[in-house]
Amino acid sequence: MSSSRIEPPTPALRVIPSMSRGFETVAEKLVLVLPPLLLDLFLWLGPRLSVAGVAEGLVQSWTAMLRSADPEVVLTMRQDMDEFFSHLNVFSALSTAPLGVPSLMGATAPDALPDSISPGVWVLDSAWEWFGATLLLWVLGLGLGALYFGMIAHQVRDGRLRLRALLAELPGYWGGMVGLALSGALAVFAITLPFACISGVLGTFGLSLGILALMAGIGIGMWSLIFLIFTVHAMMLNGRGLLDAMRESINIVKLNTPATFSLIFLAVVINQGLSYLWGLPEPDSWVRLVGLAGHAFISTGVIASTFVFYQDRYRYWREFNEYLIEYLRRERGETA
């Protein structure tokens with residue numbers, strides 16, 4: 001019988017300490033905020049990619065489909081669509097958040113800029129150009145997201161940025177993020193499709209029943225994605241491939257469901273609440289720069305917090321399994 005006593009692992013960090021450590025990580029390495037800050041500066045002051053050449057035809061086709069509806073409703077919808085398309089900046093597809101670099105500027109370009117700056121405008125003339133440009137920018141945005149998340153992962157895991165190692169790992173991260181985005185979209189589609197069919201059947205009995213069924217399908221699909229929330233973390237912190245990273249993410253979420261939902265809730269509240277504050281300065285004022293910097297810091301701090309949370313929850317899971325195996329081994333040895 002062994003007289004040495006094995007100690008259980010140190011308890012995992014709770015949500016608030018994880019948040020605190022994530023923001024401390026960013027404060028110690030402010031270079032981490034550069035990707036969202038530079039992206040927002042580009043979307044704010046840089047050139048625009050407009051769909052003005054495509055929008056008119058789309059608006060006319062859409063309103064023609066609604067010709068039997070109330071004319072006032074159709075007019076209002078047409079005005080809203082004209083307003084949206086006239087300010088749409090396709091370059092905003094570079095922000096693929098939450099699976100990429102977050103942005104405060106959004107999809108629409110402001111009417112006025114500081115000091116009467118007049119950025120160049122490139123116009124897309126066909127729907128195919130719009131689709132192709134959006135797809136290309138989306139893939140590029142996932143690459144920027146891979147670089148951004150990789151920087152955070154290196155800082156959380158190693159306490160420093162190793163640029164050469166990060167660049168060597170970047171193609172794998174990039175491919176993993178593209179695969180994760182496509183897998184997530186496919187999963188949501190596969191889950192939602194049966195509900196869409198049910199919605200069509202129930203819609204014959206009442207529009208509200210059909211909408212309810214469709215919303216239930218979308219809700220279940222989004223719920224399933226929560227179990228993949230730490231896939232990127234597993235890839236970048238533990239060097240896992242996509243499928244292994246998905247399995248690890250599912251395991252960590254299953255074992256830490258209340259804490260994971262608390263983390264998500266707190267992250268959304270912080271991001272959404274402060275995004276309203278950062279968006280208060282008008283786009284034609286240089287004060288907006290303060291808002292962009294604040295948004296970049298807070299968003300990066302929140303993301304770093306999720307890496308801290310995952311890293312410590314994975315550490316505890318691994319150490320607890322080792323502790324349990326050793327405990328059972330000793331128990332068998334004592335009773336043999």
# chains A, B, ... in the order shown; residues from 1 in each chain; ligands from 1
$ residues_around --residues "Leu104 of chain A" --least-positions-apart "6" --cutoff "10 Å" --atoms "only C-alpha atoms" --output "list in words"
Pro36, Leu37, Leu39, Asp40, Leu41, Leu43, Trp44, Ser95, Ser275, Tyr276, Trp278, Gly279, Gly291, Leu292, Ala293, His295, Ala296 and Ser299 of chain A
$ residues_around --residues "segment 226-231 of chain A" --least-positions-apart "6" --cutoff "9 Å" --atoms "only C-alpha atoms" --output "list in words"
Met177, Leu180, Gly184, Arg240, Leu242, Leu243, Asp244, Ala245, Met246, Arg247, Glu248, Ser249, Ile250, Asn251, Ile252, Val253, Lys254, Thr260, Phe261, Thr306, Phe307 and Tyr310 of chain A
$ write_last_selection --atoms "C-alpha atoms" --output "CSV table (one decimal), in the first residue's frame"
chain,number,residue,atom,x,y,z
A,177,MET,CA,-11.2,28.1,-40.1
A,180,LEU,CA,-15.1,25.0,-39.7
A,184,GLY,CA,-21.0,24.9,-39.3
A,240,ARG,CA,-5.4,19.7,-33.2
A,242,LEU,CA,-10.2,20.2,-37.5
A,243,LEU,CA,-12.1,17.0,-36.5
A,244,ASP,CA,-10.1,16.4,-33.3
A,245,ALA,CA,-10.6,20.1,-32.4
A,246,MET,CA,-14.4,19.7,-32.9
A,247,ARG,CA,-14.4,16.7,-30.6
A,248,GLU,CA,-12.4,18.5,-28.0
A,249,SER,CA,-14.7,21.5,-28.2
A,250,ILE,CA,-17.8,19.3,-27.8
A,251,ASN,CA,-16.3,17.6,-24.8
A,252,ILE,CA,-15.3,20.8,-23.1
A,253,VAL,CA,-18.7,22.4,-23.6
A,254,LYS,CA,-20.5,19.3,-22.4
A,260,THR,CA,-19.7,28.2,-21.1
A,261,PHE,CA,-23.1,29.8,-21.4
A,306,THR,CA,-12.3,32.7,-24.2
A,307,PHE,CA,-8.8,31.4,-25.0
A,310,TYR,CA,-10.7,27.1,-22.7
$ select_by_dssp --residues "segment 155-291 of chain A" --states "helix (DSSP H, G or I)" --output "ChimeraX atom specification"
/A:155-158,163-203,207-226,231-238,242-255,257-278,288-291
$ closest_atom_pairs --of "segment 67-145 of chain A" --to "segment 12-34 of chain A" --cutoff "12 Å" --atoms "only C-alpha atoms" --output "Markdown table"
| residue | atom | partner | partner_atom | distance |
| --- | --- | --- | --- | --- |
| A:Val101 | CA | A:Val33 | CA | 10.0 |
| A:Pro102 | CA | A:Val33 | CA | 10.4 |
| A:Ser103 | CA | A:Val33 | CA | 11.5 |
| A:Leu144 | CA | A:Leu34 | CA | 11.4 |
| A:Gly145 | CA | A:Leu32 | CA | 12.0 |
$ write_last_selection --atoms "C-alpha atoms" --output "tab-separated table (two decimals), in the first residue's frame"
chain	number	residue	atom	x	y	z
A	101	VAL	CA	-11.75	39.90	-37.00
A	102	PRO	CA	-14.54	41.92	-35.31
A	103	SER	CA	-15.54	45.27	-36.78
A	144	LEU	CA	-7.12	37.60	-41.35
A	145	GLY	CA	-9.14	35.98	-38.58
$ select_by_dssp --residues "segment 81-226 of chain A" --states "strand (DSSP E or B)" --output "PyMOL selection string"
chain A and resi 88+108+121-123
$ write_last_selection --atoms "C-alpha atoms" --output "CSV table (one decimal), in the first residue's frame"
chain,number,residue,atom,x,y,z
A,88,LEU,CA,-23.3,48.9,-48.8
A,108,THR,CA,-22.7,50.3,-44.6
A,121,VAL,CA,-15.4,54.0,-55.0
A,122,TRP,CA,-15.2,50.9,-57.1
A,123,VAL,CA,-18.6,49.8,-58.6
$ closest_residue --among "A:Leu137, A:Arg162, A:Gly120, A:Gly179" --to "Ser92 of chain A" --atoms "only C-alpha atoms"
A:Leu137
$ closest_residue --among "A:Val178, A:Leu274, A:Ala112, A:Leu161" --to "Leu99 of chain A" --atoms "only C-alpha atoms"
A:Val178
$ atom_distance --atom1 "atom CA of Leu94 of chain A" --atom2 "atom CA of Asp158 of chain A"
28.0 Å
$ atom_distance --atom1 "atom CA of Arg332 of chain A" --atom2 "atom CA of Arg5 of chain A"
15.0 Å
$ atom_distance --atom1 "atom CA of Pro283 of chain A" --atom2 "atom CA of Leu142 of chain A"
26.3 Å
$ residues_around --residues "segment 315-330 of chain A" --least-positions-apart "4" --cutoff "7 Å" --atoms "only C-alpha atoms" --output "PyMOL selection string"
chain A and resi 8-9+11-12+311+334
$ write_last_selection --atoms "C-alpha atoms" --output "PDB file, in the first residue's frame"
ATOM      1  CA  PRO A   8      -6.698  16.520  -6.993  1.00  0.00           C
ATOM      2  CA  PRO A   9      -6.001  19.145  -9.673  1.00  0.00           C
ATOM      3  CA  PRO A  11      -9.907  23.929  -9.773  1.00  0.00           C
ATOM      4  CA  ALA A  12     -10.497  25.565 -13.139  1.00  0.00           C
ATOM      5  CA  GLN A 311      -6.995  26.612 -21.920  1.00  0.00           C
ATOM      6  CA  GLU A 334      -4.678  -1.674  -2.355  1.00  0.00           C
TER       7      GLU A 334
END
$ residues_around --residues "Asp115 of chain A" --least-positions-apart "4" --cutoff "12 Å" --atoms "only C-alpha atoms" --output "list in words"
Leu45, Pro119, Pro283, Asp284, Ser285 and Trp286 of chain A
